[in-house]
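S.K.: Okay, handing you the structure first.
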There are 2 protein chains.
Amino acid sequence: MRQTRADASRRTPTLEDVARAAGVSRATVSRVVNGSTTVDPRMRSQVAKAIETTGYIPNAAARTLVNGRTGAVALVISGSDGSADQLFRDPFFGRITGGVVRHLRSRSMHPTLMLADSDQDRQEAVDFVRRGNADGALLVSTHAGDPLPRLFVAAGIPAVLFARPAVPVPISFVDLAHAAGAALAADRLADRGCRRVVTIAGPADLPAANDRLAGFQRAMERRGVPYVEVARGNFTTESGEQAMTELLAAVPDVDGVFAANDLMAIGALRVLHEHGRSVPDDVALIGFDDSEPARMSRPRLTTISQPVEKMAERMAAILLDRLDAEDAPLTSVVFDPELVVRESA
Amino acid sequence: MRQTRADASRRTPTLEDVARAAGVSRATVSRVVNGSTTVDPRMRSQVAKAIETTGYIPNAAARTLVNGRTGAVALVISGSDGSADQLFRDPFFGRITGGVVRHLRSRSMHPTLMLADSDQDRQEAVDFVRRGNADGALLVSTHAGDPLPRLFVAAGIPAVLFARPAVPVPISFVDLAHAAGAALAADRLADRGCRRVVTIAGPADLPAANDRLAGFQRAMERRGVPYVEVARGNFTTESGEQAMTELLAAVPDVDGVFAANDLMAIGALRVLHEHGRSVPDDVALIGFDDSEPARMSRPRLTTISQPVEKMAERMAAILLDRLDAEDAPLTSVVFDPELVVRESA
DNA sequence: GTCGGGCGAGAGAGCGCTCTCTCACCTCTC
DNA sequence: GAGAGGTGAGAGAGCGCTCTCTCGCCCGAC
C-alpha cells in the first residue's frame, strides 16, 4: 500500500484535487494554471480560489513528461583530468556563474552545476541532459583537447561554449578578442618605454592562451621589440611565481612583464618584490582578466578587463534562443577587452 | 499529429522499444536497468544488448513521476536584498560550491544553483523544490533576519543550513566555532605584545560576525586588554578600508588589528600602508577565513582558517542522509578553526 | 505420477499532467 | 425562428516509467 488513508490529506494536492474543489474538470484547471485565455472569468476566479485553498503546486515531472521540456539548463565546467578541486577558487568561474545565474533568473530558470574532469564525468554530463534533466547545456572548457563540445554536438544537445573550441566544432560560442587584449598590454608597455619585455603565457593547449601570446608578440614586434622571452604557467599564482623566477634568470634587466592572467601576474609581482625590483618603477607589470585580486594587490594591477559576466549572460541568452527556436543558426559573439590602468604599469 | 513517421526512428528510444528489440516485456527491461536480481542471466545479456543497440537512456521525468524522487538538490544562496550580483565574486561562495559539488558527485548528483535576494526569489526557491525539481535544499544564508530557513522548514522540505540560524529554527546545520577562532587571533596579538588593539567586525545582524566579535573581546579581556575599539564592515574590501580609517582616527597608536574576514583585513592593510604604518612591525594584522586573497596579499595575511570545503561537504552529507532516512534526527556539526601564521602578525 | 513450492517473466494499473477532440450552448444573421 | 458560426468546458488518451499482482513453468518430494 503506497498511500495510507491517514496521510492522504497531507499528500501534495494534484490538479484533480483542485478540479474537485472548484467543481470543474482537470482540463479547466490546467487552462487556468497555464494562463489560457479561453476560460470564463468567473470560472477562472473560482479555480484560483480552489488553488489557493488547496495549496496546489504543479508537479514538474508530470509536466516534463508530457511536453518534453524541463526548463532547466546544465552548466558544465570541464577541467583537465583531476583539476576540479581547485577550480572554484578561481574567481573566474564565480564570475561566469554569476553572469549565467543573473540571466537565467530573469526567466525563472536555474543552472545545474556539473563538474567534468574525467571521461566518465563528461559522459555523465551528456547523459544528464539526455535523460531529460535539462534542455541544454552551457559549456565552460578549460583546456583544448576537451572532447566535451563534440560529445554534446554528437548527442544533438543544444549547447553553447564559453570560449572558442580549439578544434572546429559546429557549436555556438562567446569569446573574447584575446589577441587584441594582449596588444593593448603591449602598447601600454611600449608607451612606457619598456624594451626588455617578457611574458608569462598560459597553457599551450588553450586557444585563449595562445591568442594572447601571439597577439602580444605581434604587437611588440610592431613596436620595435622583435623578441619576447616566454615562460608558461597554468593560470595559478604559484605558476606565475615560478615563471617569473625563470624569466628573471633569463632576462635580468627585464623592464616589462605581461602575464596572461591576474593570478600569474600577482605571482610575478611577489617574485619581483623578493628580488628587490620595484613595480612599476623598475618593472612595469600587466595582468589579464581584471579580477578581484587585481584590485586588491599592492600595487594595484594594471590589467586587461574581460567582461566575463556579460559574456556569460550572453552565452545563456544564446542557449535560450536556441531552445525557443529549434532551428536557430549557430551564433558566435566576440567581446572586446579593455585596458584598465592602475598602478603596476 | 505530434509525431510523424519520418522522425519516429530518431525519437529517443523508450523502454518499450528496448523490450521489443529484446523480445521481452517492458517490466523485464526495467528490472535489468534497475539491477534487479530476479532475472535470468541469458535474458539479462539479451536485454543489455538491446539497450546498447537502441541507445536507450531512461527518462528522468517518467521515473520521478512514479517514485517521487528526483535525485537532485537545490543550493540556495540567500543574500540581503539586491546583493546577489557581487556575491559570486566572494571566494567564500566558490569554496562552498566546490565542497558541495565534490560530495554530491560521489553520488552522481548535482546541485541546482539558486540565488535568493528578494522575497519573491525565496518563495520561488521553496516552490522549486515543492514542484519536485529537487528532493532537498542546501541553504547558505548571509544575513540574520533571513526568513529562508523558516520557509523551508514550514514547507516540510529537507534542508541543511550553512551557519547556525540567527533565530532558533528546527533545522540541521554546520557551523564554525567562531568565538574560538577569534580567541585564537586575540591570543596571537597578545602574545606579540599588542596592547592597543582594535577590531573590524562584520554586520551586526550576522550571528557569525557577533560571535567573532564577542569571542575576540572576551579573549582580549582575559589577556588584560579590557577595551577594544570596534568598527563594523560588511565583509567587502572597501568596507574594511573605511573601518580602518575610522579606527585609525579613534586609536592613533593602534598596534594590533583583528578583522572578521580576509577581505576587510586587506582593506585595512591598504589603509595602514597609506598611513605609513608598517605591517607587522608597527601594527599586527589578523584576518579570518584563510581565503585565496590572504595568501596573495603583501605581506601575506596571518588569518584564521575555516575549513569551508569540509563544512560544505558535510552539509551535503547531512542532507543526503536525511533524504535516505526520512526520520533522521536534526544534526548540527561545529568545526574548529585554526590559526594560520603568515607575515602580517 | 501428482502435488507443492519457488523463481522468473508478463500484464496492467497508475504517477500528474497536457492537449486534442468533441460537444453543448449561446449569439448573430437572414 | 432556424441554421451557421463561434466560444468555452469536459472526456480521455497518452507521456515513459515502476511496481504489484498474477501466472507459468520447472524442480523436488512424497
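Following the order of the C-alpha cells, chains are lettered A, B, ..., residues in each are numbered from 1, and ligands are numbered from 1.
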Extract, using only C-alpha atoms (C1' of nucleotides), all DNA, RNA and protein residues at most 9 Å from Arg89 (chain B), discarding same-chain residues fewer than 4 positions from it, and format them as an MDAnalysis selection string.

M.R.: (chainID A and resid 91:92 94:95 98 291:292) or (chainID B and resid 85 93:94)

S.K.: Write the selection just made, keeping N, CA and C atoms, as a PDB file, in the first residue's frame?

M.R.:
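New file result.pdb:
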```pdb
ATOM      1  N   PRO A  91      38.416  32.992  -9.207  1.00  0.00           N
ATOM      2  CA  PRO A  91      37.271  33.912  -9.269  1.00  0.00           C
ATOM      3  C   PRO A  91      36.610  33.935 -10.639  1.00  0.00           C
ATOM      4  N   PHE A  92      37.353  33.518 -11.638  1.00  0.00           N
ATOM      5  CA  PHE A  92      36.848  33.465 -12.998  1.00  0.00           C
ATOM      6  C   PHE A  92      35.551  32.665 -13.086  1.00  0.00           C
ATOM      7  N   GLY A  94      33.519  31.951 -10.647  1.00  0.00           N
ATOM      8  CA  GLY A  94      32.488  32.641  -9.898  1.00  0.00           C
ATOM      9  C   GLY A  94      31.818  33.700 -10.761  1.00  0.00           C
ATOM     10  N   ARG A  95      32.622  34.377 -11.542  1.00  0.00           N
ATOM     11  CA  ARG A  95      32.067  35.432 -12.385  1.00  0.00           C
ATOM     12  C   ARG A  95      31.180  34.842 -13.481  1.00  0.00           C
ATOM     13  N   GLY A  98      28.012  33.755 -11.904  1.00  0.00           N
ATOM     14  CA  GLY A  98      27.189  34.922 -11.598  1.00  0.00           C
ATOM     15  C   GLY A  98      26.455  35.436 -12.826  1.00  0.00           C
ATOM     16  N   SER A 291      40.293  40.819 -12.485  1.00  0.00           N
ATOM     17  CA  SER A 291      39.571  40.095 -11.440  1.00  0.00           C
ATOM     18  C   SER A 291      39.748  40.801 -10.103  1.00  0.00           C
ATOM     19  N   GLU A 292      39.048  40.322  -9.129  1.00  0.00           N
ATOM     20  CA  GLU A 292      39.091  40.899  -7.780  1.00  0.00           C
ATOM     21  C   GLU A 292      40.538  41.049  -7.271  1.00  0.00           C
TER      22      GLU A 292
ATOM     23  N   ASP B  85      24.428  40.219  -7.006  1.00  0.00           N
ATOM     24  CA  ASP B  85      25.345  40.388  -8.118  1.00  0.00           C
ATOM     25  C   ASP B  85      26.803  40.174  -7.757  1.00  0.00           C
ATOM     26  N   PHE B  93      31.946  31.776  -1.509  1.00  0.00           N
ATOM     27  CA  PHE B  93      30.884  31.010  -2.143  1.00  0.00           C
ATOM     28  C   PHE B  93      31.433  29.985  -3.109  1.00  0.00           C
ATOM     29  N   GLY B  94      32.526  30.334  -3.748  1.00  0.00           N
ATOM     30  CA  GLY B  94      33.176  29.373  -4.613  1.00  0.00           C
ATOM     31  C   GLY B  94      33.621  28.157  -3.814  1.00  0.00           C
TER      32      GLY B  94
END
```

S.K.: Could you name the residues that touch DA4 (chain D) at 12 Å or less, counting only C-alpha atoms (C1' of nucleotides), but leaving out those on the same chain fewer than 6 positions away, as a ChimeraX atom specification?

M.R.: /C:27-30

S.K.: I need the residues from that last selection saved to file as a PDB file, in the first residue's frame (with C-alpha atoms (C1' of nucleotides)), if you can.

M.R.:
```
ATOM      1  C1'  DT C  27     -25.187  34.636 -30.173  1.00  0.00           C
ATOM      2  C1'  DC C  28     -25.734  36.504 -34.596  1.00  0.00           C
ATOM      3  C1'  DT C  29     -27.688  36.648 -39.279  1.00  0.00           C
ATOM      4  C1'  DC C  30     -31.121  36.296 -42.801  1.00  0.00           C
TER       5       DC C  30
END
```

S.K.: Just give me the gap between CA of His178 (chain A) and CA of Ala243 (chain A) in Å, one decimal is fine.

M.R.: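 Computing it gives 20.7 Å between the two atoms.
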
S.K.: Could you tell me which of A:Ala74, A:Ala317, A:Val279, A:Ala325 comes closest to Arg107 (chain A) if we count only C-alpha atoms?

M.R.: A:Ala317

S.K.: Would you work out the distance separating CA of Ile318 (chain A) from CA of Ala166 (chain A), expressed in Å to one decimal?

M.R.: 20.0 Å

S.K.: Residues within 9 Å of region 15-25 of chain C, please, as a list of chain:residue names. Count only C-alpha atoms (C1' of nucleotides); anything in the same chain fewer than 5 positions from it doesn't count.

M.R.: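 So, after excluding close chain neighbours, the residues are A:Thr14, A:Leu15, A:Glu16, A:Ala27, A:Ser30, A:Pro58, A:Asn59, A:Ala60, A:Ala61, A:Ala62, A:Arg63, A:Thr64, A:Leu65, A:Val66, A:Asn67, B:Ala62, B:Thr64, B:Leu65, B:Val66, B:Asn67, B:Gly68, D:DA9, D:DG10, D:DA11, D:DC15, D:DC17.
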
S.K.: What would the file look like if the residues just selected were written as a PDB file, in the first residue's frame with C-alpha atoms (C1' of nucleotides)?

M.R.:
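After the write, out_4.pdb holds the following:
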```pdb
ATOM      1  CA  THR A  14      -2.964  17.466  -7.618  1.00  0.00           C
ATOM      2  CA  LEU A  15      -4.868  19.046 -10.456  1.00  0.00           C
ATOM      3  CA  GLU A  16      -7.585  16.535  -9.762  1.00  0.00           C
ATOM      4  CA  ALA A  27      -8.595  20.422 -18.119  1.00  0.00           C
ATOM      5  CA  SER A  30      -4.874  23.236 -16.314  1.00  0.00           C
ATOM      6  CA  PRO A  58       2.134  21.891 -10.330  1.00  0.00           C
ATOM      7  CA  ASN A  59       4.269  18.787 -10.485  1.00  0.00           C
ATOM      8  CA  ALA A  60       7.289  19.451 -12.627  1.00  0.00           C
ATOM      9  CA  ALA A  61       7.952  15.821 -13.535  1.00  0.00           C
ATOM     10  CA  ALA A  62       4.450  15.280 -14.873  1.00  0.00           C
ATOM     11  CA  ARG A  63       4.687  18.407 -16.962  1.00  0.00           C
ATOM     12  CA  THR A  64       8.053  17.491 -18.318  1.00  0.00           C
ATOM     13  CA  LEU A  65       6.848  14.023 -19.148  1.00  0.00           C
ATOM     14  CA  VAL A  66       4.096  15.440 -21.328  1.00  0.00           C
ATOM     15  CA  ASN A  67       5.724  18.303 -23.121  1.00  0.00           C
TER      16      ASN A  67
ATOM     17  CA  ALA B  62       8.938   9.458 -16.022  1.00  0.00           C
ATOM     18  CA  THR B  64      10.437  10.868 -10.959  1.00  0.00           C
ATOM     19  CA  LEU B  65       6.742  10.858 -11.684  1.00  0.00           C
ATOM     20  CA  VAL B  66       6.462   7.316 -10.464  1.00  0.00           C
ATOM     21  CA  ASN B  67       8.701   7.174  -7.468  1.00  0.00           C
ATOM     22  CA  GLY B  68       8.666  10.795  -6.356  1.00  0.00           C
TER      23      GLY B  68
ATOM     24  C1'  DA D   9     -15.810  23.276 -20.919  1.00  0.00           C
ATOM     25  C1'  DG D  10     -15.328  18.147 -20.423  1.00  0.00           C
ATOM     26  C1'  DA D  11     -13.667  13.471 -21.770  1.00  0.00           C
ATOM     27  C1'  DC D  15       3.879  10.899 -21.960  1.00  0.00           C
ATOM     28  C1'  DC D  17       8.315   4.577 -16.261  1.00  0.00           C
TER      29       DC D  17
END
```
